[in-house]
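Trainee: What follows is coords.cif, mmCIF, N, CA and C atoms.
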data_final
#
loop_
_atom_site.label_atom_id
_atom_site.label_comp_id
_atom_site.auth_asym_id
_atom_site.auth_seq_id
_atom_site.Cartn_x
_atom_site.Cartn_y
_atom_site.Cartn_z
N LEU P 85 49.98 76.11 104.49
CA LEU P 85 50.59 75.13 105.39
C LEU P 85 51.77 75.71 106.15
N GLY P 86 52.09 76.96 105.88
CA GLY P 86 53.22 77.56 106.56
C GLY P 86 54.56 77.20 105.94
N LEU P 87 54.54 76.56 104.78
CA LEU P 87 55.78 76.17 104.09
C LEU P 87 56.01 77.07 102.89
N PRO P 88 57.27 77.36 102.57
CA PRO P 88 57.54 78.12 101.35
C PRO P 88 57.27 77.26 100.11
N LEU P 89 57.00 77.91 98.98
CA LEU P 89 56.78 77.16 97.75
C LEU P 89 58.04 76.39 97.37
N ILE P 90 59.19 77.05 97.40
CA ILE P 90 60.47 76.40 97.07
C ILE P 90 61.48 76.72 98.17
N HIS P 91 62.15 75.69 98.66
CA HIS P 91 63.24 75.90 99.62
C HIS P 91 64.43 75.07 99.15
N ILE P 92 65.54 75.73 98.93
CA ILE P 92 66.78 75.07 98.51
C ILE P 92 67.81 75.32 99.59
N SER P 93 68.40 74.25 100.13
CA SER P 93 69.37 74.41 101.20
C SER P 93 70.46 73.35 101.11
N PHE P 94 71.69 73.81 101.01
CA PHE P 94 72.85 72.93 101.05
C PHE P 94 73.84 73.40 102.11
N LYS P 95 73.38 74.16 103.09
CA LYS P 95 74.30 74.75 104.04
C LYS P 95 74.24 74.04 105.38
N TYR P 96 75.21 74.37 106.22
CA TYR P 96 75.33 73.82 107.56
C TYR P 96 75.37 74.96 108.57
N ARG P 97 74.87 74.69 109.76
CA ARG P 97 74.93 75.66 110.86
C ARG P 97 76.37 75.72 111.39
N PRO P 98 76.68 76.73 112.20
CA PRO P 98 78.03 76.81 112.79
C PRO P 98 78.40 75.59 113.63
N ASP P 99 77.39 74.90 114.21
CA ASP P 99 77.68 73.69 114.99
C ASP P 99 77.78 72.44 114.11
N ARG P 100 77.87 72.62 112.81
CA ARG P 100 78.02 71.56 111.80
C ARG P 100 76.75 70.74 111.58
N GLY P 101 75.63 71.19 112.09
CA GLY P 101 74.35 70.53 111.83
C GLY P 101 73.78 71.01 110.50
N PRO P 102 73.22 70.12 109.70
CA PRO P 102 72.70 70.53 108.40
C PRO P 102 71.40 71.33 108.53
N VAL P 103 71.18 72.22 107.59
CA VAL P 103 69.92 72.95 107.50
C VAL P 103 69.03 72.15 106.55
N VAL P 104 67.91 71.66 107.05
CA VAL P 104 67.00 70.84 106.27
C VAL P 104 66.14 71.74 105.39
N ALA P 105 66.04 71.40 104.10
CA ALA P 105 65.15 72.12 103.20
C ALA P 105 63.73 71.66 103.46
N LYS P 106 62.84 72.61 103.77
CA LYS P 106 61.44 72.28 104.05
C LYS P 106 60.57 73.19 103.20
N GLY P 107 59.77 72.61 102.32
CA GLY P 107 58.90 73.40 101.48
C GLY P 107 58.02 72.53 100.61
N ILE P 108 57.13 73.15 99.86
CA ILE P 108 56.31 72.40 98.91
C ILE P 108 57.25 71.70 97.93
N ILE P 109 58.22 72.43 97.40
CA ILE P 109 59.30 71.85 96.61
C ILE P 109 60.56 72.05 97.44
N ALA P 110 61.17 70.95 97.89
CA ALA P 110 62.34 71.03 98.75
C ALA P 110 63.54 70.39 98.05
N ILE P 111 64.63 71.14 97.98
CA ILE P 111 65.84 70.66 97.31
C ILE P 111 67.01 70.87 98.25
N GLY P 112 67.78 69.80 98.49
CA GLY P 112 68.94 69.93 99.35
C GLY P 112 69.53 68.59 99.70
N GLN P 113 70.57 68.62 100.53
CA GLN P 113 71.16 67.37 100.96
C GLN P 113 70.16 66.62 101.85
N PHE P 114 69.48 67.34 102.73
CA PHE P 114 68.41 66.81 103.56
C PHE P 114 67.16 67.63 103.24
N ALA P 115 66.05 66.96 102.90
CA ALA P 115 64.87 67.72 102.49
C ALA P 115 63.58 67.00 102.88
N VAL P 116 62.57 67.83 103.19
CA VAL P 116 61.23 67.35 103.51
C VAL P 116 60.25 68.25 102.77
N GLY P 117 59.36 67.64 101.98
CA GLY P 117 58.39 68.44 101.25
C GLY P 117 57.44 67.58 100.44
N VAL P 118 56.59 68.24 99.70
CA VAL P 118 55.66 67.51 98.83
C VAL P 118 56.45 66.90 97.68
N VAL P 119 57.24 67.71 96.99
CA VAL P 119 58.14 67.24 95.93
C VAL P 119 59.55 67.46 96.48
N THR P 120 60.32 66.38 96.59
CA THR P 120 61.62 66.45 97.22
C THR P 120 62.71 65.94 96.29
N ILE P 121 63.79 66.70 96.19
CA ILE P 121 64.98 66.27 95.47
C ILE P 121 66.13 66.41 96.46
N ALA P 122 66.71 65.27 96.87
CA ALA P 122 67.68 65.32 97.96
C ALA P 122 68.54 64.07 98.01
N GLN P 123 69.56 64.13 98.86
CA GLN P 123 70.31 62.91 99.16
C GLN P 123 69.50 62.09 100.16
N PHE P 124 68.96 62.74 101.19
CA PHE P 124 68.08 62.10 102.17
C PHE P 124 66.76 62.85 102.12
N GLY P 125 65.71 62.20 101.62
CA GLY P 125 64.46 62.92 101.42
C GLY P 125 63.23 62.21 101.96
N ILE P 126 62.29 63.03 102.42
CA ILE P 126 60.97 62.56 102.85
C ILE P 126 59.95 63.42 102.12
N GLY P 127 58.99 62.77 101.44
CA GLY P 127 58.00 63.55 100.73
C GLY P 127 56.96 62.70 100.03
N ILE P 128 56.04 63.35 99.36
CA ILE P 128 55.03 62.66 98.59
C ILE P 128 55.67 62.09 97.32
N ILE P 129 56.34 62.95 96.57
CA ILE P 129 57.09 62.54 95.38
C ILE P 129 58.55 62.85 95.68
N CYS P 130 59.39 61.83 95.64
CA CYS P 130 60.75 62.00 96.11
C CYS P 130 61.76 61.41 95.13
N VAL P 131 62.74 62.21 94.75
CA VAL P 131 63.88 61.75 93.98
C VAL P 131 65.07 61.92 94.91
N ALA P 132 65.65 60.81 95.36
CA ALA P 132 66.69 60.89 96.38
C ALA P 132 67.57 59.65 96.37
N GLN P 133 68.67 59.74 97.10
CA GLN P 133 69.49 58.56 97.30
C GLN P 133 68.83 57.67 98.35
N PHE P 134 68.37 58.28 99.45
CA PHE P 134 67.64 57.58 100.49
C PHE P 134 66.29 58.27 100.62
N ALA P 135 65.20 57.51 100.42
CA ALA P 135 63.88 58.15 100.36
C ALA P 135 62.86 57.41 101.22
N LEU P 136 61.97 58.21 101.80
CA LEU P 136 60.77 57.72 102.47
C LEU P 136 59.65 58.55 101.86
N ALA P 137 58.80 57.89 101.06
CA ALA P 137 57.85 58.68 100.26
C ALA P 137 56.63 57.87 99.86
N ALA P 138 55.67 58.57 99.27
CA ALA P 138 54.54 57.88 98.65
C ALA P 138 54.99 57.32 97.30
N TYR P 139 55.66 58.15 96.51
CA TYR P 139 56.19 57.72 95.21
C TYR P 139 57.66 58.10 95.17
N ALA P 140 58.53 57.11 94.98
CA ALA P 140 59.96 57.38 95.08
C ALA P 140 60.73 56.87 93.87
N LEU P 141 61.75 57.63 93.51
CA LEU P 141 62.78 57.22 92.57
C LEU P 141 64.07 57.38 93.35
N ALA P 142 64.69 56.25 93.74
CA ALA P 142 65.79 56.34 94.69
C ALA P 142 66.73 55.15 94.59
N GLN P 143 67.85 55.27 95.28
CA GLN P 143 68.76 54.14 95.41
C GLN P 143 68.25 53.22 96.53
N PHE P 144 67.91 53.79 97.69
CA PHE P 144 67.34 53.06 98.81
C PHE P 144 66.02 53.74 99.16
N ALA P 145 64.92 52.97 99.21
CA ALA P 145 63.64 53.63 99.44
C ALA P 145 62.65 52.73 100.17
N ALA P 146 61.75 53.38 100.88
CA ALA P 146 60.55 52.76 101.42
C ALA P 146 59.41 53.66 100.96
N ALA P 147 58.44 53.07 100.25
CA ALA P 147 57.41 53.90 99.64
C ALA P 147 56.17 53.09 99.32
N TYR P 148 55.10 53.81 99.01
CA TYR P 148 53.88 53.17 98.53
C TYR P 148 54.16 52.55 97.16
N SER P 149 54.80 53.30 96.29
CA SER P 149 55.17 52.83 94.96
C SER P 149 56.55 53.40 94.65
N LEU P 150 57.43 52.58 94.06
CA LEU P 150 58.80 53.05 93.89
C LEU P 150 59.52 52.42 92.71
N VAL P 151 60.59 53.08 92.31
CA VAL P 151 61.62 52.54 91.43
C VAL P 151 62.91 52.76 92.21
N ALA P 152 63.58 51.66 92.56
CA ALA P 152 64.75 51.78 93.43
C ALA P 152 65.71 50.63 93.20
N GLN P 153 66.94 50.84 93.61
CA GLN P 153 67.91 49.75 93.58
C GLN P 153 67.60 48.78 94.73
N PHE P 154 67.36 49.32 95.93
CA PHE P 154 66.96 48.54 97.09
C PHE P 154 65.72 49.21 97.66
N GLY P 155 64.64 48.43 97.87
CA GLY P 155 63.46 49.10 98.39
C GLY P 155 62.38 48.19 98.93
N LEU P 156 61.53 48.79 99.74
CA LEU P 156 60.33 48.16 100.26
C LEU P 156 59.14 48.99 99.81
N PHE P 157 58.10 48.32 99.32
CA PHE P 157 56.94 49.04 98.82
C PHE P 157 55.66 48.41 99.34
N LEU P 158 54.58 49.18 99.27
CA LEU P 158 53.26 48.68 99.66
C LEU P 158 52.45 48.23 98.46
N ASP P 159 52.49 48.97 97.34
CA ASP P 159 51.66 48.66 96.19
C ASP P 159 52.46 48.13 95.01
N LYS P 160 53.35 48.94 94.46
CA LYS P 160 54.11 48.55 93.27
C LYS P 160 55.56 48.94 93.44
N GLY P 161 56.44 48.12 92.89
CA GLY P 161 57.85 48.44 92.96
C GLY P 161 58.64 47.78 91.86
N THR P 162 59.66 48.48 91.40
CA THR P 162 60.54 47.96 90.37
C THR P 162 61.97 48.28 90.78
N GLY P 163 62.86 47.33 90.55
CA GLY P 163 64.25 47.59 90.87
C GLY P 163 65.03 46.30 91.04
N LEU P 164 66.28 46.45 91.43
CA LEU P 164 67.19 45.33 91.56
C LEU P 164 66.82 44.43 92.74
N PHE P 165 66.79 44.98 93.94
CA PHE P 165 66.41 44.25 95.15
C PHE P 165 65.22 44.97 95.77
N VAL P 166 64.05 44.72 95.23
CA VAL P 166 62.83 45.39 95.67
C VAL P 166 61.83 44.33 96.11
N MET P 167 61.18 44.57 97.26
CA MET P 167 60.25 43.58 97.80
C MET P 167 59.06 44.30 98.43
N SER P 168 57.91 43.69 98.34
CA SER P 168 56.74 44.28 99.00
C SER P 168 56.85 44.04 100.50
N LEU P 169 56.30 44.95 101.26
CA LEU P 169 56.35 44.82 102.71
C LEU P 169 55.59 43.58 103.17
N ALA P 170 54.50 43.24 102.50
CA ALA P 170 53.72 42.04 102.85
C ALA P 170 54.55 40.78 102.65
N ASP P 171 55.31 40.69 101.56
CA ASP P 171 56.18 39.53 101.33
C ASP P 171 57.27 39.43 102.38
N LEU P 172 57.84 40.56 102.76
CA LEU P 172 58.88 40.56 103.77
C LEU P 172 58.36 40.08 105.11
N VAL P 173 57.19 40.58 105.49
CA VAL P 173 56.61 40.15 106.78
C VAL P 173 56.27 38.67 106.75
N SER P 174 55.73 38.17 105.64
CA SER P 174 55.38 36.75 105.57
C SER P 174 56.64 35.88 105.62
N LYS P 175 57.73 36.31 105.01
CA LYS P 175 58.98 35.56 105.05
C LYS P 175 59.58 35.57 106.46
N LEU P 176 59.44 36.68 107.16
CA LEU P 176 59.97 36.75 108.52
C LEU P 176 59.22 35.83 109.48
N PHE P 177 57.89 35.71 109.30
CA PHE P 177 57.11 34.85 110.19
C PHE P 177 57.18 33.38 109.81
N GLN P 178 57.70 33.05 108.62
CA GLN P 178 57.90 31.65 108.24
C GLN P 178 59.10 31.05 108.94
N MET P 179 60.04 31.91 109.34
CA MET P 179 61.29 31.42 109.97
C MET P 179 61.05 30.92 111.34
#
For the structure just supplied, provide its representation as structure tokens.
Mentor:
Amino acid sequence: LGLPLIHISFKYRPDRGPVVAKGIIAIGQFAVGVVTIAQFGIGIICVAQFALAAYALAQFAAAYSLVAQFGLFLDKGTGLFVMSLADLVSKLFQM
């Protein structure tokens, strides 16, 4: 796929832009990969503070299935303020 097996990045460019970790296993403040460990992460399996994933363990997440403090899910979800996307859409159209 043109991605490294593991990419770990916590650095910034000289213009203060973050370097995003991109790899099969991506670890960093910002990361994109199959397995992602990050503050802001996108991936298939994601452990992050803010996550967009198929399966997520996060504080804030949108995922197919998740465990989160705040989240939107398609199939299954567990957490403090977690709601399925279908329930959210139905509540919005009831108003």
Trainee: Using the chain letters and numbers from the file, give me the residues hit by the PyMOL selection byres ((chain P and resi 129-137) around 8), as a list in words.
Mentor: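 That expression, the PyMOL selection byres ((chain P and resi 129-137) around 8), corresponds here to Gly117, Val118, Val119, Thr120, Ile121, Ala122, Gln123, Phe124, Gly125, Ile126, Gly127, Ile128, Ala138, Tyr139, Ala140, Leu141, Ala142, Gln143, Phe144, Ala145, Ala146, Ala147, Tyr148, Ser149 and Leu150 of chain P.
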Trainee: Can you tell me how far atom N of Val166 in chain P sits from atom C of Ile109 in chain P, in Å to one decimal?
Mentor: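 These atoms are spaced 27.6 Å apart.
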Trainee: I need the residues of chain P that end up classed as strand (DSSP E) by DSSP on the backbone, written out as a PyMOL selection string.
Mentor: chain P and resi 90-93+105-168
Trainee: Excluding same-chain residues fewer than 2 positions from Gln153 in chain P, what lies within 6 Å of it counting only C-alpha atoms, as a PyMOL selection string?
Mentor: chain P and resi 143+163-165
Trainee: Could you check how far CA of Gly107 in chain P sits from atom C of Ser93 in chain P, in Å to one decimal?
Mentor: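 Spanning CA of Gly107 in chain P to atom C of Ser93 in chain P is a straight-line distance of 11.6 Å.
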Trainee: Under the rule that only C-alpha atoms are counted, which of P:Gly155, P:Ile111, P:Ala105, P:Leu89 is the nearest residue to Leu169 in chain P?
Mentor: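 Of P:Gly155, P:Ile111, P:Ala105, P:Leu89, the one nearest Leu169 in chain P is P:Gly155, counting only C-alpha atoms.
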Trainee: Report, in Å with one decimal, the straight-line distance from atom N of Phe157 in chain P to atom N of Lys175 in chain P.
Mentor: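 Interatomic distance here is 13.3 Å.
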Trainee: Env of range 101-103 of chain P: 8 Å cut, atoms = all atoms listed in the file, seq-sep filter 2 positions within chain, self excluded. Answer as a VMD selection string.
Mentor: chain P and resid 92 to 99 105 to 106 112 to 115
Trainee: Quick one: pick out all helix (DSSP H, G or I) residues within chain P from a backbone DSSP run and write them as a PyMOL selection string.
Mentor: chain P and resi 169-178
Trainee: Can you work out which one of P:Phe154, P:Ala110, P:Val116, P:Ile90 has the shortest atom-to-atom distance to Met167 in chain P, counting all atoms listed in the file?
Mentor: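 Of all the options, P:Phe154 lies closest to Met167 in chain P.
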Trainee: Could you add whatever atoms are missing so that range 151-175 of chain P carries N, CA, C and O atoms, then write the result as a CSV table (one decimal), keeping the file's coordinate frame?
Mentor:
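What ended up in selection.csv:
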chain,number,residue,atom,x,y,z
P,151,VAL,N,60.6,53.1,92.3
P,151,VAL,CA,61.6,52.5,91.4
P,151,VAL,C,62.9,52.8,92.2
P,151,VAL,O,63.3,53.9,92.5
P,152,ALA,N,63.6,51.7,92.6
P,152,ALA,CA,64.8,51.8,93.4
P,152,ALA,C,65.7,50.6,93.2
P,152,ALA,O,65.3,49.6,92.7
P,153,GLN,N,66.9,50.8,93.6
P,153,GLN,CA,67.9,49.8,93.6
P,153,GLN,C,67.6,48.8,94.7
P,153,GLN,O,67.6,47.6,94.5
P,154,PHE,N,67.4,49.3,95.9
P,154,PHE,CA,67.0,48.5,97.1
P,154,PHE,C,65.7,49.2,97.7
P,154,PHE,O,65.7,50.4,97.9
P,155,GLY,N,64.6,48.4,97.9
P,155,GLY,CA,63.5,49.1,98.4
P,155,GLY,C,62.4,48.2,98.9
P,155,GLY,O,62.3,47.0,98.6
P,156,LEU,N,61.5,48.8,99.7
P,156,LEU,CA,60.3,48.2,100.3
P,156,LEU,C,59.1,49.0,99.8
P,156,LEU,O,59.2,50.2,99.9
P,157,PHE,N,58.1,48.3,99.3
P,157,PHE,CA,56.9,49.0,98.8
P,157,PHE,C,55.7,48.4,99.3
P,157,PHE,O,55.6,47.3,99.8
P,158,LEU,N,54.6,49.2,99.3
P,158,LEU,CA,53.3,48.7,99.7
P,158,LEU,C,52.4,48.2,98.5
P,158,LEU,O,51.8,47.2,98.5
P,159,ASP,N,52.5,49.0,97.3
P,159,ASP,CA,51.7,48.7,96.2
P,159,ASP,C,52.5,48.1,95.0
P,159,ASP,O,52.2,47.0,94.6
P,160,LYS,N,53.4,48.9,94.5
P,160,LYS,CA,54.1,48.6,93.3
P,160,LYS,C,55.6,48.9,93.4
P,160,LYS,O,55.9,50.0,94.0
P,161,GLY,N,56.4,48.1,92.9
P,161,GLY,CA,57.8,48.4,93.0
P,161,GLY,C,58.6,47.8,91.9
P,161,GLY,O,58.3,46.7,91.4
P,162,THR,N,59.7,48.5,91.4
P,162,THR,CA,60.5,48.0,90.4
P,162,THR,C,62.0,48.3,90.8
P,162,THR,O,62.2,49.4,91.3
P,163,GLY,N,62.9,47.3,90.6
P,163,GLY,CA,64.2,47.6,90.9
P,163,GLY,C,65.0,46.3,91.0
P,163,GLY,O,64.5,45.2,90.8
P,164,LEU,N,66.3,46.4,91.4
P,164,LEU,CA,67.2,45.3,91.6
P,164,LEU,C,66.8,44.4,92.7
P,164,LEU,O,66.6,43.2,92.6
P,165,PHE,N,66.8,45.0,93.9
P,165,PHE,CA,66.4,44.2,95.2
P,165,PHE,C,65.2,45.0,95.8
P,165,PHE,O,65.4,45.7,96.7
P,166,VAL,N,64.0,44.7,95.2
P,166,VAL,CA,62.8,45.4,95.7
P,166,VAL,C,61.8,44.3,96.1
P,166,VAL,O,61.7,43.3,95.4
P,167,MET,N,61.2,44.6,97.3
P,167,MET,CA,60.2,43.6,97.8
P,167,MET,C,59.1,44.3,98.4
P,167,MET,O,59.2,45.4,99.0
P,168,SER,N,57.9,43.7,98.3
P,168,SER,CA,56.7,44.3,99.0
P,168,SER,C,56.8,44.0,100.5
P,168,SER,O,57.4,43.0,100.9
P,169,LEU,N,56.3,45.0,101.3
P,169,LEU,CA,56.4,44.8,102.7
P,169,LEU,C,55.6,43.6,103.2
P,169,LEU,O,56.0,42.9,104.1
P,170,ALA,N,54.5,43.2,102.5
P,170,ALA,CA,53.7,42.0,102.8
P,170,ALA,C,54.6,40.8,102.6
P,170,ALA,O,54.5,39.9,103.5
P,171,ASP,N,55.3,40.7,101.6
P,171,ASP,CA,56.2,39.5,101.3
P,171,ASP,C,57.3,39.4,102.4
P,171,ASP,O,57.6,38.3,102.8
P,172,LEU,N,57.8,40.6,102.8
P,172,LEU,CA,58.9,40.6,103.8
P,172,LEU,C,58.4,40.1,105.1
P,172,LEU,O,59.0,39.2,105.8
P,173,VAL,N,57.2,40.6,105.5
P,173,VAL,CA,56.6,40.2,106.8
P,173,VAL,C,56.3,38.7,106.8
P,173,VAL,O,56.5,37.9,107.7
P,174,SER,N,55.7,38.2,105.6
P,174,SER,CA,55.4,36.8,105.6
P,174,SER,C,56.6,35.9,105.6
P,174,SER,O,56.6,34.8,106.2
P,175,LYS,N,57.7,36.3,105.0
P,175,LYS,CA,59.0,35.6,105.0
P,175,LYS,C,59.6,35.6,106.5
P,175,LYS,O,60.2,34.6,106.9
